[in-house]
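Source file: input-v5.txt (compact mmCIF, C-alpha atoms)
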```
# COMPACT_ATOMS: atom_id res chain seq x y z
CA MET A 274 13.19 256.65 21.48
CA PHE A 275 16.05 255.63 23.75
CA HIS A 276 15.76 258.84 25.73
CA VAL A 277 12.12 258.27 26.65
CA LEU A 278 12.60 254.53 27.28
CA LEU A 279 15.61 255.10 29.54
CA SER A 280 14.24 258.21 31.26
CA GLU A 281 11.22 256.22 32.38
CA HIS A 282 13.25 253.08 33.07
CA SER A 283 10.22 250.91 33.78
CA LEU A 284 9.43 251.18 30.04
CA TRP A 285 12.89 249.83 29.17
CA GLU A 286 12.50 247.00 31.68
CA GLU A 287 9.10 246.12 30.24
CA LEU A 288 10.61 245.89 26.74
CA VAL A 289 13.52 243.77 27.98
CA ALA A 290 10.93 241.38 29.45
CA ASP A 291 8.48 241.49 26.51
CA ARG A 292 9.97 242.01 23.04
CA SER A 293 6.52 241.75 21.45
CA LEU A 294 6.12 245.45 22.41
CA VAL A 295 8.97 246.65 20.17
CA ASN A 296 6.67 247.71 17.31
CA GLN A 297 4.46 249.55 19.79
CA ALA A 298 7.50 251.36 21.20
CA VAL A 299 8.65 252.47 17.74
CA GLU A 300 5.20 253.69 16.67
CA GLU A 301 4.50 255.42 19.99
CA THR A 302 7.87 257.16 19.73
CA LEU A 303 7.01 258.34 16.24
CA ARG A 304 3.67 259.64 17.51
CA MET A 305 5.08 261.39 20.57
CA TYR A 306 8.47 262.54 19.28
CA GLY A 307 8.40 262.74 15.50
CA ILE A 308 11.51 264.23 13.91
CA VAL A 309 9.58 266.59 11.60
CA HIS A 310 7.74 269.10 13.78
CA THR A 311 6.24 271.45 11.22
CA LEU A 312 5.65 271.67 7.50
CA VAL A 313 4.82 274.69 5.38
CA ARG A 314 2.29 274.27 2.59
CA THR A 315 0.56 276.67 0.21
CA THR A 316 -3.20 276.61 -0.27
CA THR A 317 -4.22 275.72 -3.82
CA ARG A 318 -7.66 277.27 -3.42
CA GLU A 319 -9.60 279.34 -0.91
CA VAL A 320 -10.43 277.17 2.07
CA GLU A 321 -12.03 277.58 5.49
CA VAL A 322 -10.20 276.05 8.47
CA GLY A 323 -11.58 276.41 11.97
CA GLY A 324 -13.84 279.28 10.95
CA VAL A 325 -11.02 281.22 9.27
CA THR A 326 -10.98 281.69 5.50
CA LEU A 327 -7.57 281.24 3.93
CA PRO A 328 -7.11 282.64 0.42
CA LYS A 329 -5.61 280.70 -2.46
CA GLY A 330 -1.81 280.96 -2.29
CA ALA A 331 -1.64 281.44 1.50
CA ALA A 332 1.33 279.93 3.32
CA VAL A 333 0.14 277.58 6.07
CA MET A 334 2.37 276.13 8.78
CA LEU A 335 1.20 272.68 9.88
CA HIS A 336 2.26 271.48 13.33
CA LEU A 337 2.53 267.69 13.15
CA ASP A 338 3.47 267.52 16.84
CA SER A 339 0.14 269.10 17.67
CA ALA A 340 -1.81 266.70 15.44
CA ASP A 341 -0.21 263.71 17.15
CA GLN A 342 -1.17 265.10 20.57
CA ASP A 343 -4.85 265.58 19.68
CA GLY A 344 -7.08 264.28 22.48
CA ALA A 345 -9.90 263.70 19.99
CA ARG A 346 -7.71 261.16 18.15
CA PHE A 347 -5.56 259.71 20.95
CA ASP A 348 -6.61 258.60 24.43
CA GLY A 349 -4.22 260.22 26.93
CA PRO A 350 -2.23 261.89 24.14
CA GLY A 351 0.52 263.29 26.40
CA LYS A 352 1.40 259.89 27.90
CA PHE A 353 3.91 257.51 26.31
CA ASP A 354 1.95 254.25 26.28
CA LEU A 355 3.47 250.93 25.20
CA HIS A 356 -0.05 249.48 25.22
CA ARG A 357 -1.75 252.13 23.08
CA PRO A 358 -4.31 250.46 20.78
CA LYS A 359 -2.89 249.68 17.33
CA ASN A 360 -5.76 251.51 15.62
CA GLU A 361 -4.68 254.72 17.40
CA LEU A 362 -1.03 254.20 16.54
CA ALA A 363 -1.92 253.74 12.88
CA ASP A 364 -3.38 257.25 12.92
CA HIS A 365 -0.23 259.26 13.72
CA VAL A 366 1.21 261.65 11.14
CA ALA A 367 4.93 261.44 11.97
CA PHE A 368 5.61 260.50 8.34
CA GLY A 369 2.88 262.70 6.86
CA LYS A 370 -0.20 261.47 5.02
CA GLY A 371 -1.39 260.93 1.46
CA GLN A 372 0.81 262.24 -1.33
CA HIS A 373 3.05 263.88 1.25
CA PHE A 374 3.88 260.59 2.98
CA CYS A 375 7.61 260.23 3.66
CA ILE A 376 9.34 258.06 1.09
CA GLY A 377 11.79 256.94 3.79
CA ALA A 378 9.14 255.55 6.17
CA PRO A 379 9.43 251.94 4.92
CA PHE A 380 13.17 252.15 5.69
CA ALA A 381 12.99 254.12 8.95
CA ARG A 382 10.50 251.88 10.74
CA PRO A 383 12.44 248.61 10.39
CA MET A 384 15.74 250.38 11.15
CA ALA A 385 14.31 251.75 14.41
CA LYS A 386 12.94 248.32 15.25
CA ILE A 387 16.30 246.64 14.53
CA ALA A 388 18.17 249.25 16.61
CA LEU A 389 15.83 248.76 19.56
CA GLU A 390 15.81 244.95 19.34
CA THR A 391 19.62 244.90 19.11
CA MET A 392 20.08 247.13 22.17
CA LEU A 393 17.51 245.13 24.17
CA GLU A 394 19.31 241.90 23.31
CA ARG A 395 22.91 243.06 23.71
CA ILE A 396 22.66 245.68 26.45
CA PRO A 397 19.60 244.95 28.61
CA SER A 398 21.22 246.84 31.53
CA LEU A 399 21.30 250.11 29.52
CA ARG A 400 20.25 253.14 31.57
CA MET A 401 20.66 256.91 31.72
CA LYS A 402 23.92 258.11 33.23
CA ASP A 403 22.02 260.87 35.05
CA PRO A 404 18.30 260.00 34.99
CA GLY A 405 17.27 263.44 36.25
CA ALA A 406 19.24 265.41 33.65
CA PRO A 407 17.18 267.36 31.14
CA ALA A 408 17.34 266.32 27.49
CA ASP A 409 19.76 268.28 25.32
CA ILE A 410 17.47 269.07 22.38
CA PHE A 411 18.65 270.51 19.08
CA PRO A 412 16.49 273.63 18.81
CA SER A 413 14.58 273.79 15.53
CA LEU A 414 11.09 274.74 14.52
CA PHE A 415 11.06 272.26 11.64
CA VAL A 416 13.30 269.26 12.36
CA GLY A 417 14.88 268.39 15.67
CA GLY A 418 15.92 265.83 18.20
CA LEU A 419 18.53 265.06 20.81
CA THR A 420 22.10 266.22 20.37
CA HIS A 421 23.41 263.35 22.52
CA LEU A 422 22.35 260.79 25.09
CA ASP A 423 24.55 259.90 28.06
CA ALA A 424 23.94 256.24 28.88
CA VAL A 425 25.77 253.58 30.88
CA TRP A 426 25.48 249.81 31.23
CA ASP A 427 26.95 246.87 33.08
CA VAL A 428 29.82 245.00 31.45
```
Can you dump the structure from the file as structure tokens?
Amino acid sequence: MFHVLLSEHSLWEELVADRSLVNQAVEETLRMYGIVHTLVRTTTREVEVGGVTLPKGAAVMLHLDSADQDGARFDGPGKFDLHRPKNELADHVAFGKGQHFCIGAPFARPMAKIALETMLERIPSLRMKDPGAPADIFPSLFVGGLTHLDAVWDV
């Protein structure tokens, strides 16, 4: 979340000026950069998906990142948008869906919100040390994220 907000510093500045967008920032981050990228599930019966028949017992790899970038569900899916309609944001699958919904979601959302609100309040001058530097991503097919974030601020 901090990487995207500081890399496109106008987003950070908008949040500093308008804290009512904090929830939007958290949900849009979850949609765009969910921690869980893929899940593996096993079919419980024969099923047809996209014209392909999968037998009962087939291993299926689900790409949550792809689902949350679906242009049929999200307007401008590749753009981080602090003003994305709430009905679209409610449709992301960063925490899964149904019986496979993440038990930690009710904890993670408020913690992300508190972290962002605290940084906006205490360090509004926060910015990337080297705005053009590429992100150092932990490489993983299933779960991933940044290894570190070099930031600076005014004292």
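Nearest to Trp285 (chain A) of all the residues A:Asp338, A:Glu300, A:Glu321, A:Glu394 is A:Glu394, counting only C-alpha atoms.
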Worksheet item: For Glu301 (chain A), which of A:Gln372, A:Thr420, A:Thr391, A:Gln342 is the closest residue, counting all atoms listed in the file?
Response: A:Gln342
Worksheet item: Excluding same-chain residues fewer than 2 positions from Ala424 (chain A), what lies within 6 Å of it counting only C-alpha atoms, as a PyMOL selection string?
Response: chain A and resi 400-402
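Note that CA of Pro379 (chain A) and CA of Leu284 (chain A) are 25.1 Å apart.
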Practice prompt. Would you mind telling me which residue in A:Ser398, A:Thr326, A:Gln297, A:Asn360 lies nearest to Asp348 (chain A) when using all atoms listed in the file?
Written response: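 Checking each of A:Ser398, A:Thr326, A:Gln297, A:Asn360 against Asp348 (chain A), counting all atoms listed in the file, the winner is A:Asn360.
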Fill in: Distance of CA of Leu303 (chain A) from CA of Gly377 (chain A), expressed in Å to one decimal place
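Separating CA of Gly377 (chain A) from CA of Leu303 (chain A) is a distance of 13.4 Å.
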Discussion item. Would you compute the distance between CA of Leu399 (chain A) and CA of Glu361 (chain A)? Give it in Å to one decimal.
Written reply: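 So the two atoms, CA of Leu399 (chain A) and CA of Glu361 (chain A), lie 29.0 Å apart.
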Discussion item. For a quick check of understanding, using all atoms listed in the file, which of A:Leu355, A:Leu279, A:Met274, A:Cys375 has the smallest distance to Leu419 (chain A)?
Written reply: A:Met274
